[in-house]
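This is structure_16.pdb (PDB, C-alpha atoms).
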```pdb
MODEL        1
ATOM      1  CA  MET A   1      35.359 -20.495  33.437
ATOM      2  CA  ARG A   2      32.003 -20.371  35.201
ATOM      3  CA  LEU A   3      30.275 -18.894  32.122
ATOM      4  CA  VAL A   4      31.672 -21.652  29.889
ATOM      5  CA  ASP A   5      30.626 -24.323  32.387
ATOM      6  CA  TRP A   6      27.142 -22.827  32.565
ATOM      7  CA  TYR A   7      26.839 -22.825  28.770
ATOM      8  CA  LEU A   8      28.095 -26.416  28.455
ATOM      9  CA  SER A   9      25.538 -27.568  31.025
ATOM     10  CA  LEU A  10      22.631 -26.348  28.862
ATOM     11  CA  ASN A  11      20.672 -28.773  26.681
ATOM     12  CA  LEU A  12      20.595 -28.307  22.882
ATOM     13  CA  GLY A  13      17.385 -26.224  22.829
ATOM     14  CA  GLN A  14      18.691 -23.860  25.474
ATOM     15  CA  LYS A  15      21.999 -23.472  23.611
ATOM     16  CA  ILE A  16      20.095 -22.506  20.450
ATOM     17  CA  VAL A  17      18.085 -19.871  22.335
ATOM     18  CA  VAL A  18      21.237 -18.439  23.899
ATOM     19  CA  GLY A  19      23.001 -18.570  20.515
ATOM     20  CA  ILE A  20      20.237 -16.433  18.963
ATOM     21  CA  ALA A  21      19.488 -14.127  21.910
ATOM     22  CA  VAL A  22      23.058 -13.036  22.658
ATOM     23  CA  PRO A  23      23.880 -11.797  19.110
ATOM     24  CA  ALA A  24      20.447 -10.119  18.879
ATOM     25  CA  LEU A  25      21.012  -8.278  22.160
ATOM     26  CA  LEU A  26      24.504  -7.240  21.056
ATOM     27  CA  PHE A  27      23.063  -5.887  17.789
ATOM     28  CA  VAL A  28      20.359  -3.885  19.597
ATOM     29  CA  PHE A  29      22.907  -2.509  22.063
ATOM     30  CA  ALA A  30      25.280  -1.486  19.246
ATOM     31  CA  TYR A  31      22.416   0.132  17.311
ATOM     32  CA  LEU A  32      21.215   2.157  20.291
ATOM     33  CA  ALA A  33      24.770   3.178  21.182
ATOM     34  CA  SER A  34      25.397   4.384  17.613
ATOM     35  CA  LEU A  35      22.145   6.388  17.648
ATOM     36  CA  LEU A  36      23.163   8.017  20.897
ATOM     37  CA  ILE A  37      26.634   8.874  19.609
ATOM     38  CA  LEU A  38      25.342  10.221  16.269
ATOM     39  CA  SER A  39      22.593  12.324  17.858
ATOM     40  CA  ALA A  40      25.052  13.778  20.371
ATOM     41  CA  ALA A  41      27.373  14.684  17.488
ATOM     42  CA  GLY A  42      24.465  16.297  15.563
ATOM     43  CA  ALA A  43      24.920  14.083  12.514
ATOM     44  CA  GLY A  44      22.205  14.442   9.888
ATOM     45  CA  ARG A  45      20.609  17.620  11.257
ATOM     46  CA  GLU A  46      21.739  19.691   8.278
ATOM     47  CA  ASP A  47      19.747  17.399   5.969
ATOM     48  CA  TYR A  48      16.378  18.607   7.300
ATOM     49  CA  PRO A  49      14.965  22.142   7.105
ATOM     50  CA  ALA A  50      13.919  23.866  10.292
ATOM     51  CA  GLN A  51      10.318  23.256  11.337
ATOM     52  CA  GLY A  52       7.755  26.060  11.278
ATOM     53  CA  GLY A  53       8.671  27.777   8.029
ATOM     54  CA  GLY A  54      12.313  28.365   8.906
ATOM     55  CA  THR A  55      11.615  30.294  12.100
ATOM     56  CA  PRO A  56      13.691  28.900  14.953
ATOM     57  CA  ALA A  57      11.916  27.920  18.145
ATOM     58  CA  PRO A  58      12.527  30.053  21.226
ATOM     59  CA  ALA A  59      15.398  28.907  23.412
ATOM     60  CA  SER A  60      13.097  28.560  26.389
ATOM     61  CA  LEU A  61       9.784  29.743  27.712
ATOM     62  CA  ARG A  62       9.671  32.412  30.345
ATOM     63  CA  PRO A  63       8.509  30.966  33.681
ATOM     64  CA  ASP A  64       5.315  33.040  33.472
ATOM     65  CA  ALA A  65       4.645  32.318  29.763
ATOM     66  CA  SER A  66       1.566  30.388  28.796
ATOM     67  CA  ALA A  67       2.075  27.158  26.869
ATOM     68  CA  SER A  68      -1.180  27.855  25.001
ATOM     69  CA  ALA A  69       0.574  30.699  23.188
ATOM     70  CA  PHE A  70       2.517  28.000  21.366
ATOM     71  CA  SER A  71      -0.411  25.743  20.429
ATOM     72  CA  ALA A  72      -0.644  24.261  16.952
ATOM     73  CA  PRO A  73      -2.659  26.079  14.281
ATOM     74  CA  ASN A  74      -6.301  25.069  13.972
ATOM     75  CA  PHE A  75      -6.976  23.073  10.805
ATOM     76  CA  SER A  76     -10.298  21.373  10.282
ATOM     77  CA  LEU A  77     -12.756  20.179   7.663
ATOM     78  CA  LYS A  78     -16.413  19.500   8.463
ATOM     79  CA  ILE A  79     -19.140  18.052   6.264
ATOM     80  CA  LYS A  80     -22.305  20.040   7.080
ATOM     81  CA  SER A  81     -24.682  18.035   4.874
ATOM     82  CA  ALA A  82     -24.656  15.079   2.486
ATOM     83  CA  ARG A  83     -27.882  14.204   0.708
ATOM     84  CA  TRP A  84     -29.411  12.811  -2.454
ATOM     85  CA  GLU A  85     -31.184  15.414  -4.585
ATOM     86  CA  GLY A  86     -32.950  13.516  -7.344
ATOM     87  CA  ASP A  87     -30.302  11.851  -9.492
ATOM     88  CA  ARG A  88     -27.265  13.392  -7.791
ATOM     89  CA  ALA A  89     -25.620  13.437  -4.381
ATOM     90  CA  VAL A  90     -24.633  16.813  -2.915
ATOM     91  CA  VAL A  91     -22.056  17.340  -0.160
ATOM     92  CA  GLU A  92     -21.506  20.699   1.532
ATOM     93  CA  GLY A  93     -19.016  21.632   4.190
ATOM     94  CA  THR A  94     -16.665  24.157   5.715
ATOM     95  CA  TRP A  95     -13.022  24.375   6.749
ATOM     96  CA  GLN A  96     -10.682  26.322   9.010
ATOM     97  CA  GLY A  97      -7.087  27.034   8.116
ATOM     98  CA  ASP A  98      -5.134  27.953   4.982
ATOM     99  CA  LEU A  99      -6.727  25.508   2.517
ATOM    100  CA  SER A 100      -4.819  24.295  -0.509
ATOM    101  CA  SER A 101      -7.356  21.794  -1.895
ATOM    102  CA  VAL A 102     -10.345  19.661  -1.003
ATOM    103  CA  HIS A 103     -11.426  16.355  -2.558
ATOM    104  CA  CYS A 104     -14.527  14.256  -1.897
ATOM    105  CA  ASP A 105     -15.451  10.649  -2.722
ATOM    106  CA  LEU A 106     -18.731   8.780  -2.744
ATOM    107  CA  LEU A 107     -18.554   5.394  -1.025
ATOM    108  CA  GLU A 108     -20.998   2.510  -1.168
ATOM    109  CA  GLY A 109     -21.424   0.196   1.792
ATOM    110  CA  GLY A 110     -21.017   2.527   4.744
ATOM    111  CA  ARG A 111     -18.158   4.457   6.296
ATOM    112  CA  ALA A 112     -15.608   1.769   5.410
ATOM    113  CA  GLY A 113     -17.208   1.154   2.008
ATOM    114  CA  SER A 114     -15.611   1.185  -1.392
ATOM    115  CA  ALA A 115     -15.547   3.869  -4.071
ATOM    116  CA  ILE A 116     -17.874   3.247  -6.987
ATOM    117  CA  ASP A 117     -17.425   4.272 -10.615
ATOM    118  CA  TRP A 118     -21.010   5.531 -10.941
ATOM    119  CA  TRP A 119     -20.106   9.223 -10.608
ATOM    120  CA  ASP A 120     -18.289  11.605 -12.960
ATOM    121  CA  ARG A 121     -14.853  12.220 -11.458
ATOM    122  CA  SER A 122     -14.099  15.137 -13.750
ATOM    123  CA  LEU A 123     -16.345  17.354 -11.591
ATOM    124  CA  ALA A 124     -14.140  18.711  -8.804
ATOM    125  CA  ALA A 125     -15.287  20.160  -5.509
ATOM    126  CA  LYS A 126     -16.188  23.855  -5.660
ATOM    127  CA  THR A 127     -14.656  26.108  -3.023
ATOM    128  CA  SER A 128     -15.604  29.553  -1.739
ATOM    129  CA  PHE A 129     -12.572  30.979   0.018
ATOM    130  CA  ALA A 130     -14.572  34.014   1.190
ATOM    131  CA  ARG A 131     -17.078  31.780   3.025
ATOM    132  CA  ARG A 132     -14.542  29.014   3.781
ATOM    133  CA  ALA A 133     -17.034  26.551   2.330
ATOM    134  CA  PHE A 134     -16.972  23.776  -0.255
ATOM    135  CA  SER A 135     -19.489  21.705  -2.163
ATOM    136  CA  GLN A 136     -19.231  18.592  -4.284
ATOM    137  CA  GLU A 137     -21.869  17.195  -6.610
ATOM    138  CA  PHE A 138     -21.793  13.546  -7.549
ATOM    139  CA  VAL A 139     -23.580  13.053 -10.874
ATOM    140  CA  ARG A 140     -23.841   9.923 -13.000
ATOM    141  CA  ALA A 141     -20.918   9.422 -15.362
ATOM    142  CA  GLY A 142     -21.675   9.309 -19.050
ATOM    143  CA  GLY A 143     -21.322   6.070 -21.007
ATOM    144  CA  ASP A 144     -21.133   2.634 -19.484
ATOM    145  CA  VAL A 145     -20.474   2.390 -15.774
ATOM    146  CA  GLU A 146     -19.725  -0.845 -13.969
ATOM    147  CA  ASP A 147     -21.335   0.100 -10.674
ATOM    148  CA  ARG A 148     -24.976   1.106 -10.383
ATOM    149  CA  THR A 149     -26.597   2.863  -7.460
ATOM    150  CA  ASP A 150     -28.923   0.838  -5.288
ATOM    151  CA  PRO A 151     -31.925   2.715  -3.839
ATOM    152  CA  LYS A 152     -31.620   0.476  -0.763
ATOM    153  CA  GLY A 153     -27.844   0.945  -0.515
ATOM    154  CA  ASP A 154     -25.889   2.690   2.216
ATOM    155  CA  TYR A 155     -23.826   5.602   0.824
ATOM    156  CA  TRP A 156     -21.274   7.814   2.553
ATOM    157  CA  ALA A 157     -19.379  10.915   1.508
ATOM    158  CA  THR A 158     -15.785  11.304   2.589
ATOM    159  CA  CYS A 159     -13.839  14.527   2.046
ATOM    160  CA  TRP A 160     -10.171  15.327   2.560
ATOM    161  CA  ALA A 161      -8.508  18.731   2.745
ATOM    162  CA  GLN A 162      -4.851  19.548   2.191
ATOM    163  CA  PHE A 163      -3.615  22.719   3.860
ATOM    164  CA  SER A 164      -0.757  24.989   2.775
ATOM    165  CA  GLU A 165       1.472  23.992   5.688
ATOM    166  CA  GLY A 166       1.251  20.311   4.686
ATOM    167  CA  THR A 167      -1.419  19.297   7.184
ATOM    168  CA  ALA A 168      -4.266  17.120   5.928
ATOM    169  CA  THR A 169      -7.556  16.229   7.581
ATOM    170  CA  GLY A 170     -10.897  14.807   6.605
ATOM    171  CA  ASP A 171     -14.478  14.069   7.545
ATOM    172  CA  ASP A 172     -17.152  11.627   6.476
ATOM    173  CA  ALA A 173     -20.926  11.557   6.696
ATOM    174  CA  PRO A 174     -23.823   9.363   5.575
ATOM    175  CA  VAL A 175     -25.597  10.537   2.430
ATOM    176  CA  LYS A 176     -29.229  11.024   3.467
ATOM    177  CA  GLY A 177     -32.143  10.110   1.215
ATOM    178  CA  LYS A 178     -32.438   7.553  -1.561
ATOM    179  CA  PRO A 179     -30.164   7.376  -4.613
ATOM    180  CA  PRO A 180     -31.587   6.889  -8.102
ATOM    181  CA  ALA A 181     -31.944   3.326  -9.383
ATOM    182  CA  GLY A 182     -29.035   2.494 -11.693
TER     183      GLY A 182
ENDMDL
END
```
Give the structure from the file, written as structure tokens.
Amino acid sequence: MRLVDWYLSLNLGQKIVVGIAVPALLFVFAYLASLLILSAAGAGREDYPAQGGGTPAPASLRPDASASAFSAPNFSLKIKSARWEGDRAVVEGTWQGDLSSVHCDLLEGGRAGSAIDWWDRSLAAKTSFARRAFSQEFVRAGGDVEDRTDPKGDYWATCWAQFSEGTATGDDAPVKGKPPAG
């Protein structure tokens, strides 16, 4: 009876808050309880493949084992240079890891700039797997282009690499020098 008396003594605004809060808390509690029960039962685990290429993780580390022996693989992409050479921009860089592909874009307006349609997108980045290096040339697209280069503009190159294991990473750098007019 005390709970009912307490509720009846509340004003209308307080009753509305209690009327919303109590069902919300019950929903959250039921949701968390169902997650706990389902995870304890192992439900849904068969829907996902094992991590790490199907190799199961060790049951436990030996007390004297080093945790660094189980560090993640090293994947990286680094732009070494980005510069204007006459009427084209050239980006060169390197990577570490088992590269699948690399793609670069030319941005106008700084690091958070926008892609422009000035360059020919049919020219893909060139990769040298022996040297673990890539290069991308941005040349003017043929025909009419909406965007023109501004010799006073701020241009950045941004490159992204996709690795065989599904990891992706990128780098960006300012394009040094002056672009051609138009």
Let me know the residues the PyMOL selection byres ((chain A and resi 104-109) around 10) catches in the file above, as a compact mmCIF listing (two decimals) with C-alpha atoms, in the coordinates of the input.
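Produced file part10.txt, reproduced below:
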```
# COMPACT_ATOMS: atom_id res chain seq x y z
CA ALA A 89 -25.62 13.44 -4.38
CA VAL A 90 -24.63 16.81 -2.92
CA VAL A 91 -22.06 17.34 -0.16
CA VAL A 102 -10.34 19.66 -1.00
CA HIS A 103 -11.43 16.36 -2.56
CA GLY A 110 -21.02 2.53 4.74
CA ARG A 111 -18.16 4.46 6.30
CA ALA A 112 -15.61 1.77 5.41
CA GLY A 113 -17.21 1.15 2.01
CA SER A 114 -15.61 1.18 -1.39
CA ALA A 115 -15.55 3.87 -4.07
CA ILE A 116 -17.87 3.25 -6.99
CA ASP A 117 -17.42 4.27 -10.62
CA TRP A 118 -21.01 5.53 -10.94
CA TRP A 119 -20.11 9.22 -10.61
CA ARG A 121 -14.85 12.22 -11.46
CA ALA A 124 -14.14 18.71 -8.80
CA ALA A 125 -15.29 20.16 -5.51
CA PHE A 134 -16.97 23.78 -0.26
CA SER A 135 -19.49 21.70 -2.16
CA GLN A 136 -19.23 18.59 -4.28
CA GLU A 137 -21.87 17.20 -6.61
CA PHE A 138 -21.79 13.55 -7.55
CA ASP A 147 -21.34 0.10 -10.67
CA THR A 149 -26.60 2.86 -7.46
CA ASP A 150 -28.92 0.84 -5.29
CA GLY A 153 -27.84 0.94 -0.52
CA ASP A 154 -25.89 2.69 2.22
CA TYR A 155 -23.83 5.60 0.82
CA TRP A 156 -21.27 7.81 2.55
CA ALA A 157 -19.38 10.92 1.51
CA THR A 158 -15.78 11.30 2.59
CA CYS A 159 -13.84 14.53 2.05
CA TRP A 160 -10.17 15.33 2.56
CA ALA A 161 -8.51 18.73 2.74
CA GLY A 170 -10.90 14.81 6.60
CA ASP A 171 -14.48 14.07 7.54
CA ASP A 172 -17.15 11.63 6.48
CA PRO A 174 -23.82 9.36 5.58
CA VAL A 175 -25.60 10.54 2.43
```
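Residues matching the PyMOL selection byres ((chain A and resi 74-78) around 7) in this structure come to Ala72, Pro73, Ile79, Lys80, Gly93, Thr94, Trp95, Gln96, Gly97, Ala161, Thr169, Gly170 and Asp171 of chain A.
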Legend entry - Point-to-point distance from atom CA of A:Ser101 to atom CA of A:Gly177, Å rounded to tenths: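 These atoms are spaced 27.6 Å apart.
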Legend entry - Neighbour residues at most 8 Å from (-33.9, 9.7, 1.8) (all atoms listed in the file) as a list in words: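 Selection result: Arg83, Trp84, Lys176, Gly177, Lys178 and Pro179 of chain A.
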Legend entry - Pick from A:Ser100, A:Arg88, A:Thr127, A:Ser81, whichever lies nearest to A:Arg140 using all atoms listed in the file: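 The answer is A:Arg88, which sits nearest to A:Arg140.
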With 4 Å on each side, where is the centre of the axis-aligned box around all listed atoms of stretch 131-149 of chain A, and how long are its edges in Å to one decimal, as AutoDock Vina command-line options?
```
--center_x -20.6 --center_y 15.5 --center_z -8.6 --size_x 20.1 --size_y 40.6 --size_z 32.8
```
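Between atom CA of A:Ile16 and atom CA of A:Ser34 there is a distance of 27.6 Å.
When only C-alpha atoms are used to measure the gap to A:Gln162, the shortest distance among A:Asp98, A:Ser122, A:Ala141, A:Ala181 belongs to A:Asp98.
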Inset, instruction - May I ask which of the residues A:Glu146, A:Tyr31, A:Arg131, A:Gly19 is the closest one to A:Tyr7, counting all atoms listed in the file? - result: A:Gly19
Legend entry - Distance in Å - atom CA of A:Leu3 versus atom CA of A:Val18: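 Result for atom CA of A:Leu3 versus atom CA of A:Val18: 12.2 Å, one decimal.
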